[in-house]
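> Input file: work.tsv. Contents: TSV, C-alpha atoms and all ligand atoms.
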chain	number	residue	atom	x	y	z
A	1	MET	CA	0.00	0.00	0.00
A	2	PRO	CA	1.37	3.44	-0.90
A	3	GLU	CA	2.07	5.69	2.09
A	4	HIS	CA	2.92	8.99	0.39
A	5	ILE	CA	0.26	9.17	-2.32
A	6	SER	CA	-3.37	8.14	-2.76
A	7	ILE	CA	-4.57	6.35	-5.89
A	8	LYS	CA	-8.11	6.41	-7.28
A	9	PRO	CA	-8.78	4.35	-10.42
A	10	ILE	CA	-11.07	6.12	-12.90
A	11	ALA	CA	-12.11	3.09	-14.97
A	12	GLY	CA	-12.01	-0.70	-14.86
A	13	SER	CA	-9.26	-1.16	-17.40
A	14	CYS	CA	-6.72	1.65	-16.95
A	15	GLY	CA	-6.21	5.13	-15.55
A	16	ALA	CA	-5.92	6.40	-11.97
A	17	GLU	CA	-5.88	9.82	-10.31
A	18	ILE	CA	-3.03	10.37	-7.88
A	19	ASP	CA	-3.41	12.71	-4.94
A	20	GLY	CA	-0.90	13.98	-2.40
A	21	VAL	CA	1.88	14.98	-4.81
A	22	ASP	CA	3.08	18.46	-5.74
A	23	LEU	CA	5.10	17.92	-8.92
A	24	SER	CA	6.70	21.37	-8.63
A	25	LYS	CA	8.62	20.20	-5.53
A	26	PRO	CA	11.56	17.80	-5.48
A	27	LEU	CA	10.07	14.35	-4.81
A	28	ASP	CA	11.68	11.97	-2.33
A	29	ALA	CA	12.67	8.46	-3.41
A	30	GLN	CA	9.67	6.73	-1.79
A	31	THR	CA	7.18	9.08	-3.47
A	32	ILE	CA	8.85	8.49	-6.84
A	33	ASP	CA	8.74	4.71	-6.25
A	34	GLU	CA	5.03	4.89	-5.42
A	35	VAL	CA	4.29	7.07	-8.47
A	36	GLN	CA	6.31	4.66	-10.62
A	37	GLN	CA	4.37	1.66	-9.27
A	38	ALA	CA	1.03	3.42	-9.87
A	39	PHE	CA	2.17	4.17	-13.44
A	40	LEU	CA	3.04	0.50	-14.03
A	41	ASP	CA	-0.21	-0.73	-12.44
A	42	HIS	CA	-2.62	1.73	-14.10
A	43	LEU	CA	-0.79	2.57	-17.43
A	44	VAL	CA	-1.83	6.21	-17.22
A	45	ILE	CA	-1.87	8.36	-14.10
A	46	PHE	CA	-3.33	11.81	-13.57
A	47	PHE	CA	-2.51	14.65	-11.16
A	48	ARG	CA	-4.78	17.66	-10.60
A	49	ASN	CA	-4.03	21.31	-9.73
A	50	GLN	CA	-0.35	21.29	-10.65
A	51	ASN	CA	1.28	24.66	-11.14
A	52	LEU	CA	4.34	23.75	-13.20
A	53	THR	CA	6.95	25.79	-15.02
A	54	PRO	CA	8.59	24.18	-18.08
A	55	ASP	CA	11.59	23.33	-15.86
A	56	HIS	CA	9.35	21.55	-13.31
A	57	LEU	CA	7.78	19.48	-16.09
A	58	LYS	CA	11.18	18.52	-17.50
A	59	ALA	CA	12.51	17.65	-14.05
A	60	PHE	CA	9.54	15.33	-13.41
A	61	GLY	CA	9.91	13.62	-16.82
A	62	GLN	CA	13.66	13.18	-16.30
A	63	ARG	CA	13.00	11.11	-13.17
A	64	PHE	CA	11.86	8.37	-15.58
A	65	GLY	CA	14.50	8.68	-18.33
A	66	GLU	CA	16.08	10.91	-20.96
A	67	LEU	CA	13.76	13.37	-22.71
A	68	ARG	CA	13.53	13.43	-26.50
A	69	VAL	CA	14.02	16.62	-28.50
A	70	SER	CA	11.31	16.40	-31.14
A	71	ASP	CA	11.88	17.14	-34.78
A	72	GLN	CA	8.21	16.50	-35.61
A	73	TYR	CA	6.56	19.49	-33.95
A	74	GLN	CA	7.92	22.91	-33.07
A	75	PRO	CA	9.19	23.00	-29.47
A	76	LEU	CA	8.57	25.68	-26.87
A	77	ASP	CA	11.01	28.60	-27.20
A	78	GLY	CA	14.08	27.92	-25.06
A	79	HIS	CA	12.91	24.39	-24.16
A	80	PRO	CA	13.64	21.99	-27.04
A	81	GLU	CA	12.36	19.01	-25.00
A	82	ILE	CA	8.86	20.56	-24.64
A	83	LEU	CA	6.20	20.21	-27.31
A	84	GLU	CA	3.37	22.71	-27.35
A	85	ILE	CA	0.11	20.80	-27.67
A	86	VAL	CA	-2.15	23.57	-28.92
A	87	LYS	CA	-5.46	24.21	-30.60
A	88	GLU	CA	-6.19	27.91	-31.11
A	89	PRO	CA	-9.84	29.07	-30.98
A	90	GLU	CA	-10.04	29.43	-34.78
A	91	ALA	CA	-8.21	26.15	-35.54
A	92	THR	CA	-9.93	23.01	-36.75
A	93	ASP	CA	-7.08	20.46	-36.48
A	94	ILE	CA	-5.36	18.99	-33.44
A	95	VAL	CA	-2.46	16.64	-32.78
A	96	GLY	CA	-3.29	13.12	-31.70
A	97	ASN	CA	-6.88	12.84	-32.94
A	98	LEU	CA	-6.60	9.11	-33.67
A	99	TRP	CA	-5.55	6.08	-31.63
A	100	HIS	CA	-1.76	5.93	-31.40
A	101	CYS	CA	1.24	5.57	-29.15
A	102	ASP	CA	3.98	8.15	-29.34
A	103	GLU	CA	6.87	7.63	-31.75
A	104	SER	CA	6.69	3.92	-32.54
A	105	PHE	CA	8.45	4.77	-35.83
A	106	LEU	CA	11.71	5.26	-33.88
A	107	GLU	CA	14.14	2.48	-33.02
A	108	ARG	CA	13.51	3.40	-29.38
A	109	PRO	CA	9.86	4.47	-29.17
A	110	ALA	CA	8.67	6.62	-26.28
A	111	LEU	CA	8.53	5.05	-22.83
A	112	GLY	CA	6.08	7.63	-21.59
A	113	SER	CA	4.70	11.09	-22.24
A	114	VAL	CA	3.81	13.72	-19.66
A	115	LEU	CA	1.24	16.34	-20.67
A	116	HIS	CA	0.62	19.39	-18.46
A	117	MET	CA	-2.61	21.15	-19.44
A	118	ILE	CA	-2.43	24.94	-19.09
A	119	GLU	CA	-5.65	26.11	-20.79
A	120	CYS	CA	-8.60	23.98	-21.82
A	121	PRO	CA	-12.29	24.18	-22.68
A	122	ASP	CA	-14.92	23.85	-19.91
A	123	HIS	CA	-16.21	20.80	-21.71
A	124	GLY	CA	-14.79	18.80	-24.62
A	125	GLY	CA	-11.15	18.12	-25.41
A	126	ASP	CA	-10.92	14.98	-23.26
A	127	THR	CA	-8.25	12.37	-23.91
A	128	MET	CA	-8.93	8.63	-24.08
A	129	PHE	CA	-6.47	5.84	-23.29
A	130	ALA	CA	-6.65	2.13	-24.18
A	131	ASN	CA	-4.96	-0.74	-22.33
A	132	GLN	CA	-2.94	-2.83	-24.82
A	133	TYR	CA	-2.20	-5.63	-22.32
A	134	ALA	CA	-5.96	-6.14	-22.16
A	135	ALA	CA	-6.16	-6.00	-25.96
A	136	PHE	CA	-3.55	-8.78	-26.23
A	137	ASP	CA	-5.09	-10.86	-23.42
A	138	ALA	CA	-8.54	-10.77	-25.10
A	139	LEU	CA	-7.29	-12.33	-28.35
A	140	SER	CA	-7.72	-16.05	-28.97
A	141	PRO	CA	-4.71	-18.30	-28.20
A	142	GLY	CA	-4.34	-18.93	-31.94
A	143	MET	CA	-4.16	-15.22	-32.78
A	144	GLN	CA	-1.88	-14.53	-29.79
A	145	GLY	CA	0.51	-17.26	-30.95
A	146	MET	CA	0.56	-16.07	-34.55
A	147	LEU	CA	1.08	-12.38	-33.66
A	148	SER	CA	3.79	-13.21	-31.12
A	149	SER	CA	6.06	-14.43	-33.91
A	150	MET	CA	5.41	-11.43	-36.19
A	151	ARG	CA	7.18	-8.12	-36.64
A	152	ALA	CA	5.96	-4.98	-38.38
A	153	VAL	CA	7.36	-1.89	-40.08
A	154	TYR	CA	6.59	1.50	-38.47
A	155	SER	CA	7.11	4.85	-40.23
A	156	ASP	CA	6.22	8.50	-39.71
A	157	GLY	CA	5.54	8.95	-43.45
A	158	THR	CA	1.75	8.83	-43.09
A	159	LEU	CA	1.86	11.33	-40.25
A	160	GLN	CA	3.90	13.79	-42.29
A	161	GLU	CA	1.44	13.47	-45.18
A	162	ARG	CA	-1.51	13.89	-42.80
A	163	ASN	CA	0.00	17.04	-41.24
A	164	LYS	CA	0.53	18.81	-44.60
A	165	GLY	CA	-1.66	21.90	-44.82
A	166	ARG	CA	-3.03	21.47	-41.31
A	167	SER	CA	-2.97	24.22	-38.69
A	168	LEU	CA	-0.40	22.44	-36.53
A	169	LYS	CA	2.96	23.70	-35.30
A	170	VAL	CA	4.97	21.24	-37.38
A	171	HIS	CA	8.77	21.48	-37.01
A	172	PRO	CA	10.21	23.62	-39.87
A	173	ASP	CA	12.68	20.85	-40.81
A	174	ALA	CA	10.18	17.97	-40.68
A	175	ALA	CA	9.35	18.09	-44.39
A	176	ASN	CA	13.01	17.90	-45.43
A	177	ARG	CA	14.41	15.14	-43.29
A	178	PRO	CA	14.21	11.45	-44.28
A	179	ARG	CA	11.22	9.56	-42.88
A	180	TYR	CA	11.87	7.47	-39.81
A	181	GLU	CA	11.36	3.73	-40.18
A	182	ALA	CA	11.76	0.95	-37.62
A	183	VAL	CA	10.85	-2.74	-37.32
A	184	HIS	CA	9.35	-3.92	-34.02
A	185	PRO	CA	7.58	-6.99	-32.64
A	186	VAL	CA	3.80	-6.83	-33.03
A	187	VAL	CA	3.50	-8.10	-29.45
A	188	ARG	CA	6.03	-6.56	-27.08
A	189	THR	CA	7.02	-7.59	-23.59
A	190	HIS	CA	7.14	-4.72	-21.10
A	191	ALA	CA	10.66	-4.47	-19.64
A	192	GLN	CA	9.36	-3.61	-16.15
A	193	THR	CA	6.15	-5.64	-15.77
A	194	GLY	CA	7.05	-8.60	-17.99
A	195	ARG	CA	3.53	-8.43	-19.48
A	196	LYS	CA	2.76	-8.76	-23.20
A	197	SER	CA	0.89	-6.05	-25.07
A	198	LEU	CA	-0.36	-5.47	-28.59
A	199	PHE	CA	1.88	-2.93	-30.36
A	200	VAL	CA	0.32	-1.75	-33.65
A	201	HIS	CA	-0.74	1.84	-34.32
A	202	ARG	CA	-2.87	3.11	-37.20
A	203	PRO	CA	-0.80	6.23	-38.05
A	204	TYR	CA	2.56	4.44	-37.97
A	205	THR	CA	2.33	0.69	-38.63
A	206	VAL	CA	2.78	0.33	-42.37
A	207	ARG	CA	2.77	-3.44	-42.88
A	208	PHE	CA	3.94	-6.70	-41.38
A	209	GLU	CA	7.57	-7.60	-42.06
A	210	ASP	CA	7.99	-9.72	-45.23
A	211	MET	CA	4.42	-8.93	-46.35
A	212	THR	CA	2.94	-6.31	-48.67
A	213	THR	CA	0.73	-3.49	-47.36
A	214	GLU	CA	-2.26	-5.07	-49.17
A	215	GLU	CA	-1.66	-8.40	-47.43
A	216	SER	CA	-1.15	-6.71	-44.06
A	217	GLN	CA	-4.03	-4.23	-44.08
A	218	PRO	CA	-7.00	-6.53	-43.33
A	219	LEU	CA	-5.38	-7.95	-40.20
A	220	LEU	CA	-4.08	-4.52	-39.15
A	221	ASP	CA	-7.61	-3.07	-39.51
A	222	PHE	CA	-8.99	-5.84	-37.30
A	223	LEU	CA	-6.28	-5.18	-34.69
A	224	TYR	CA	-6.83	-1.39	-34.71
A	225	ALA	CA	-10.55	-1.87	-34.06
A	226	HIS	CA	-9.88	-4.53	-31.41
A	227	ALA	CA	-7.22	-2.39	-29.65
A	228	ALA	CA	-9.72	0.42	-29.03
A	229	ARG	CA	-12.65	-1.64	-27.71
A	230	PRO	CA	-14.49	0.50	-25.13
A	231	GLU	CA	-13.84	-2.08	-22.37
A	232	PHE	CA	-10.09	-1.41	-22.65
A	233	THR	CA	-10.38	2.37	-22.32
A	234	CYS	CA	-10.65	5.24	-19.88
A	235	ARG	CA	-11.47	8.87	-20.60
A	236	PHE	CA	-9.88	11.83	-18.82
A	237	ARG	CA	-11.59	15.20	-18.32
A	238	TRP	CA	-8.94	17.92	-18.13
A	239	ASN	CA	-8.81	21.06	-16.04
A	240	ALA	CA	-6.12	23.72	-16.25
A	241	GLY	CA	-3.29	22.33	-14.10
A	242	SER	CA	-4.04	18.66	-14.80
A	243	VAL	CA	-1.12	16.39	-15.69
A	244	ALA	CA	-1.32	13.00	-17.43
A	245	PHE	CA	1.61	10.58	-17.56
A	246	TRP	CA	0.98	7.62	-19.88
A	247	ASP	CA	2.95	4.49	-20.70
A	248	ASN	CA	3.37	4.27	-24.48
A	249	ARG	CA	4.70	0.71	-24.20
A	250	CYS	CA	1.33	-0.70	-23.22
A	251	ALA	CA	-1.30	2.01	-23.85
A	252	GLN	CA	-2.60	3.97	-26.82
A	253	HIS	CA	-4.29	7.36	-26.57
A	254	TYR	CA	-6.73	9.50	-28.55
A	255	ALA	CA	-7.27	13.27	-28.19
A	256	LEU	CA	-10.90	14.22	-28.86
A	257	ASN	CA	-11.46	17.09	-31.29
A	258	ASP	CA	-15.02	17.86	-30.15
A	259	TYR	CA	-14.73	21.57	-29.29
A	260	SER	CA	-14.11	24.84	-31.11
A	261	GLY	CA	-13.88	28.57	-30.48
A	262	VAL	CA	-11.79	28.06	-27.36
A	263	ARG	CA	-8.08	27.55	-26.79
A	264	ARG	CA	-6.60	24.29	-25.51
A	265	TYR	CA	-2.92	24.54	-24.67
A	266	GLY	CA	-0.46	22.30	-22.85
A	267	HIS	CA	3.20	21.32	-22.61
A	268	ARG	CA	4.35	17.76	-23.25
A	269	VAL	CA	7.64	15.99	-22.65
A	270	THR	CA	8.44	12.55	-24.04
A	271	VAL	CA	10.65	10.08	-22.20
A	272	ILE	CA	12.79	7.91	-24.51
A	273	GLY	CA	12.15	4.19	-24.11
A	274	ASP	CA	13.96	0.94	-24.81
A	275	ILE	CA	14.11	-1.13	-27.99
A	276	PRO	CA	10.86	-3.18	-28.01
A	277	LYS	CA	11.37	-6.92	-27.45
B	1	LIG	C1	-0.96	13.65	-27.86
B	1	LIG	O1	0.10	13.71	-27.23
B	1	LIG	O2	-1.20	12.78	-28.68
B	1	LIG	C2	-2.02	14.71	-27.57
B	1	LIG	C3	-2.82	14.36	-26.37
B	1	LIG	C4	-3.85	15.39	-26.07
B	1	LIG	O3	-3.85	16.48	-26.67
B	1	LIG	O4	-4.67	15.13	-25.20
So, in terms of structure tokens, how does the structure I just supplied come out?

Amino acid sequence: MPEHISIKPIAGSCGAEIDGVDLSKPLDAQTIDEVQQAFLDHLVIFFRNQNLTPDHLKAFGQRFGELRVSDQYQPLDGHPEILEIVKEPEATDIVGNLWHCDESFLERPALGSVLHMIECPDHGGDTMFANQYAAFDALSPGMQGMLSSMRAVYSDGTLQERNKGRSLKVHPDAANRPRYEAVHPVVRTHAQTGRKSLFVHRPYTVRFEDMTTEESQPLLDFLYAHAARPEFTCRFRWNAGSVAFWDNRCAQHYALNDYSGVRRYGHRVTVIGDIPK
């Protein structure tokens, strides 16, 4: 039982609100251990009423690993590790409006992402998360066995195409650099929990290794629909000052674009992960 924090699950499958932590203060080792355990147990954890500077956010993220400097989206001035997650009142597009995990097109995809919400609508703009251990566990033994021996190709090419002409703060060099491409297992084993999770993502998974896209697509489409079954999900209602910390190794997320005429703005850091196995 945790002694320094309290944990309140928000859904049956994943997601818990953590109370008793001020992320702007240096955290002692026991509090960090308890936060880390809650993160592993619940896949995504939430903190309310956090008043964080960019340096506080980076310091919290760095407790879990090295932060990535993004070359996909434009970073916050003076803080290359911080992405601005923004939708202006007049904008129609947002980042993350489809089920995905962060950066699976890299050789070392993101371990976790920490998003600090600074401004948000009174209603709308929630984020959903889906438990990919549960997605794997719910497959038949035959499908589990087949997928466990398969690998897939992941690329950011589709994302770059999708972002063209959209009102997003895309990094000025993103169009000119080569596309990232990586090959990963379709079912990965979490380095800390030892649990298996489904690891395919609509914007990034291009095809199965040694197969064509046409051969791969029907099974990928089944897996994308399966991965986001409502039973595997939770949905988080933001306030200004909320923080979410999600585990990209075993969860996908989806930012809802169901609001307009109001600004939603937050800062995100991304913790670099291991090579999926
Ligand atoms: C993302 O990191 O995909 C965006 C999440 C959000 O805006 O809620």
> Neighbouring residues of ligand LIG 1 (chain B) are defined here as those with any atom at most 10 Å from a ligand atom, counting all atoms listed in the file; list them as a count of residues only.
42
> Excluding A:Asp71 and any residue of its chain fewer than 2 positions from it, enumerate the residues within 12 Å of it, using only C-alpha atoms, and give them as a list in words.
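Near A:Asp71, the qualifying residues are Arg68, Val69, Tyr73, Gln74, Pro75, Pro80, Glu81, Ile82, Leu83, Glu103, Leu106, Asp156, Gln160, Lys169, Val170, His171, Pro172, Asp173, Ala174, Ala175, Asn176, Arg177, Pro178, Arg179 and Tyr180 of chain A.
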> Counting only C-alpha atoms, figure out which residue out of A:Glu90, A:Phe105, A:Arg249, A:Val262 gets nearest to A:Gly194.
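The answer is A:Arg249, which sits nearest to A:Gly194.
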> Which of these residues is nearest to A:Asn131, using all atoms listed in the file: A:Ala227, A:Val243, A:Ile10, A:Met143?
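Checking each of A:Ala227, A:Val243, A:Ile10, A:Met143 against A:Asn131, counting all atoms listed in the file, the winner is A:Ala227.
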> List the neighbours of A:Val200 out to 8 Å using only C-alpha atoms; skip same-chain residues closer than 5 positions along the sequence, and give me the result as an MDAnalysis selection string.
chainID A and resid 186 205 220 223:224
> Tell me which of A:Lys8, A:Arg151, A:Arg63, A:Arg108 sits closest to A:Asp210, counting all atoms listed in the file.
A:Arg151
> Nearest to A:Tyr204: which of A:Asn51, A:Thr158, A:Gln144, A:Ser260 is it, counting only C-alpha atoms?
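For A:Tyr204, the nearest of the candidates is A:Thr158.
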> Nearest to A:Gln217 among A:Ala152, A:Asp274, A:Ala38, A:Asp28, with distances taken over all atoms listed in the file: which residue is it?
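Smallest separation from A:Gln217 among the options: A:Ala152.
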> Mind giving me the straight-line distance from atom CA of A:Asp77 to atom CA of A:Ala59 in Å, one decimal?
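Answer for the atom CA of A:Asp77 to atom CA of A:Ala59 separation: 17.2 Å.
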> Please list as a PDB file with C-alpha atoms, in the frame of the given file every residue within 10 Å of A:Ala135, counting only C-alpha atoms and excluding residues in the same chain fewer than 4 positions away.

ATOM      1  CA  ALA A 130      -6.650   2.130 -24.180  1.00  0.00           C
ATOM      2  CA  ASN A 131      -4.960  -0.740 -22.330  1.00  0.00           C
ATOM      3  CA  LEU A 139      -7.290 -12.330 -28.350  1.00  0.00           C
ATOM      4  CA  LYS A 196       2.760  -8.760 -23.200  1.00  0.00           C
ATOM      5  CA  SER A 197       0.890  -6.050 -25.070  1.00  0.00           C
ATOM      6  CA  LEU A 198      -0.360  -5.470 -28.590  1.00  0.00           C
ATOM      7  CA  PHE A 199       1.880  -2.930 -30.360  1.00  0.00           C
ATOM      8  CA  LEU A 223      -6.280  -5.180 -34.690  1.00  0.00           C
ATOM      9  CA  TYR A 224      -6.830  -1.390 -34.710  1.00  0.00           C
ATOM     10  CA  HIS A 226      -9.880  -4.530 -31.410  1.00  0.00           C
ATOM     11  CA  ALA A 227      -7.220  -2.390 -29.650  1.00  0.00           C
ATOM     12  CA  ALA A 228      -9.720   0.420 -29.030  1.00  0.00           C
ATOM     13  CA  ARG A 229     -12.650  -1.640 -27.710  1.00  0.00           C
ATOM     14  CA  GLU A 231     -13.840  -2.080 -22.370  1.00  0.00           C
ATOM     15  CA  PHE A 232     -10.090  -1.410 -22.650  1.00  0.00           C
ATOM     16  CA  CYS A 250       1.330  -0.700 -23.220  1.00  0.00           C
ATOM     17  CA  ALA A 251      -1.300   2.010 -23.850  1.00  0.00           C
TER      18      ALA A 251
END
> Compare A:Pro54, A:Pro121, A:Gly65, A:Gly241 by their minimum atom-to-atom distance to A:Val271, counting all atoms listed in the file, and give me the closest one.
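Nearest candidate to A:Val271 out of A:Pro54, A:Pro121, A:Gly65, A:Gly241: A:Gly65.
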> Starting from 4 Å padding per side, set up an axis-aligned box that covers all listed atoms of stretch 187-194 of chain A and hand over centre and edge lengths in Å, one decimal, as AutoDock Vina command-line options.

--center_x 7.1 --center_y -6.1 --center_z -22.6 --size_x 15.2 --size_y 13.0 --size_z 21.7
> If we count only C-alpha atoms, what is near A:Ala11 at a cut-off of 7 Å, once residues fewer than 3 positions away on the same chain are taken out, given as a list in words?
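Counting only C-alpha atoms, the residues come to Cys14, Gly15 and Cys234 of chain A.
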> List the neighbours of A:Phe60 out to 9 Å using all atoms listed in the file; skip same-chain residues closer than 6 positions along the sequence, and give me the result as a list in words.
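Neighbouring residues, sequence-local ones excluded: Leu23, Ser24, Pro26, Leu27 and Val114 of chain A.
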> Since fewer atoms than expected are present, regenerate N, CA and C atoms for stretch 89-108 of chain A and write them as a PDB file, in the frame of the given file.

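Final output, rebuild27.pdb:
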ATOM      1  N   PRO A  89      -8.381  29.017 -30.852  1.00  0.00           N
ATOM      2  CA  PRO A  89      -9.840  29.070 -30.980  1.00  0.00           C
ATOM      3  C   PRO A  89     -10.337  28.930 -32.416  1.00  0.00           C
ATOM      4  N   GLU A  90      -9.565  29.475 -33.379  1.00  0.00           N
ATOM      5  CA  GLU A  90     -10.040  29.430 -34.780  1.00  0.00           C
ATOM      6  C   GLU A  90      -9.595  28.163 -35.504  1.00  0.00           C
ATOM      7  N   ALA A  91      -8.769  27.327 -34.851  1.00  0.00           N
ATOM      8  CA  ALA A  91      -8.210  26.150 -35.540  1.00  0.00           C
ATOM      9  C   ALA A  91      -9.252  25.032 -35.644  1.00  0.00           C
ATOM     10  N   THR A  92      -9.037  24.169 -36.613  1.00  0.00           N
ATOM     11  CA  THR A  92      -9.930  23.010 -36.750  1.00  0.00           C
ATOM     12  C   THR A  92      -9.187  21.692 -36.478  1.00  0.00           C
ATOM     13  N   ASP A  93      -7.854  21.703 -36.630  1.00  0.00           N
ATOM     14  CA  ASP A  93      -7.080  20.460 -36.480  1.00  0.00           C
ATOM     15  C   ASP A  93      -6.394  20.395 -35.127  1.00  0.00           C
ATOM     16  N   ILE A  94      -6.161  19.182 -34.655  1.00  0.00           N
ATOM     17  CA  ILE A  94      -5.360  18.990 -33.440  1.00  0.00           C
ATOM     18  C   ILE A  94      -4.377  17.844 -33.678  1.00  0.00           C
ATOM     19  N   VAL A  95      -3.406  17.773 -32.777  1.00  0.00           N
ATOM     20  CA  VAL A  95      -2.460  16.640 -32.780  1.00  0.00           C
ATOM     21  C   VAL A  95      -3.113  15.489 -32.023  1.00  0.00           C
ATOM     22  N   GLY A  96      -2.924  14.291 -32.508  1.00  0.00           N
ATOM     23  CA  GLY A  96      -3.290  13.120 -31.700  1.00  0.00           C
ATOM     24  C   GLY A  96      -4.746  12.710 -31.769  1.00  0.00           C
ATOM     25  N   ASN A  97      -5.450  13.131 -32.838  1.00  0.00           N
ATOM     26  CA  ASN A  97      -6.880  12.840 -32.940  1.00  0.00           C
ATOM     27  C   ASN A  97      -7.129  11.491 -33.634  1.00  0.00           C
ATOM     28  N   LEU A  98      -6.377  10.498 -33.235  1.00  0.00           N
ATOM     29  CA  LEU A  98      -6.600   9.110 -33.670  1.00  0.00           C
ATOM     30  C   LEU A  98      -5.822   8.227 -32.694  1.00  0.00           C
ATOM     31  N   TRP A  99      -6.224   6.961 -32.584  1.00  0.00           N
ATOM     32  CA  TRP A  99      -5.550   6.080 -31.630  1.00  0.00           C
ATOM     33  C   TRP A  99      -4.105   5.885 -32.038  1.00  0.00           C
ATOM     34  N   HIS A 100      -3.179   6.077 -31.104  1.00  0.00           N
ATOM     35  CA  HIS A 100      -1.760   5.930 -31.400  1.00  0.00           C
ATOM     36  C   HIS A 100      -0.969   5.798 -30.118  1.00  0.00           C
ATOM     37  N   CYS A 101       0.285   5.380 -30.238  1.00  0.00           N
ATOM     38  CA  CYS A 101       1.240   5.570 -29.150  1.00  0.00           C
ATOM     39  C   CYS A 101       2.303   6.497 -29.709  1.00  0.00           C
ATOM     40  N   ASP A 102       3.056   7.143 -28.852  1.00  0.00           N
ATOM     41  CA  ASP A 102       3.980   8.150 -29.340  1.00  0.00           C
ATOM     42  C   ASP A 102       5.256   7.519 -29.887  1.00  0.00           C
ATOM     43  N   GLU A 103       5.550   7.842 -31.149  1.00  0.00           N
ATOM     44  CA  GLU A 103       6.870   7.630 -31.750  1.00  0.00           C
ATOM     45  C   GLU A 103       7.270   6.173 -31.943  1.00  0.00           C
ATOM     46  N   SER A 104       6.300   5.311 -32.317  1.00  0.00           N
ATOM     47  CA  SER A 104       6.690   3.920 -32.540  1.00  0.00           C
ATOM     48  C   SER A 104       7.477   3.745 -33.840  1.00  0.00           C
ATOM     49  N   PHE A 105       7.630   4.822 -34.613  1.00  0.00           N
ATOM     50  CA  PHE A 105       8.450   4.770 -35.830  1.00  0.00           C
ATOM     51  C   PHE A 105       9.938   4.907 -35.525  1.00  0.00           C
ATOM     52  N   LEU A 106      10.289   5.157 -34.261  1.00  0.00           N
ATOM     53  CA  LEU A 106      11.710   5.260 -33.880  1.00  0.00           C
ATOM     54  C   LEU A 106      12.234   3.908 -33.431  1.00  0.00           C
ATOM     55  N   GLU A 107      13.548   3.736 -33.497  1.00  0.00           N
ATOM     56  CA  GLU A 107      14.140   2.480 -33.020  1.00  0.00           C
ATOM     57  C   GLU A 107      13.843   2.302 -31.530  1.00  0.00           C
ATOM     58  N   ARG A 108      13.864   3.436 -30.813  1.00  0.00           N
ATOM     59  CA  ARG A 108      13.510   3.400 -29.380  1.00  0.00           C
ATOM     60  C   ARG A 108      12.271   4.261 -29.173  1.00  0.00           C
TER      61      ARG A 108
END
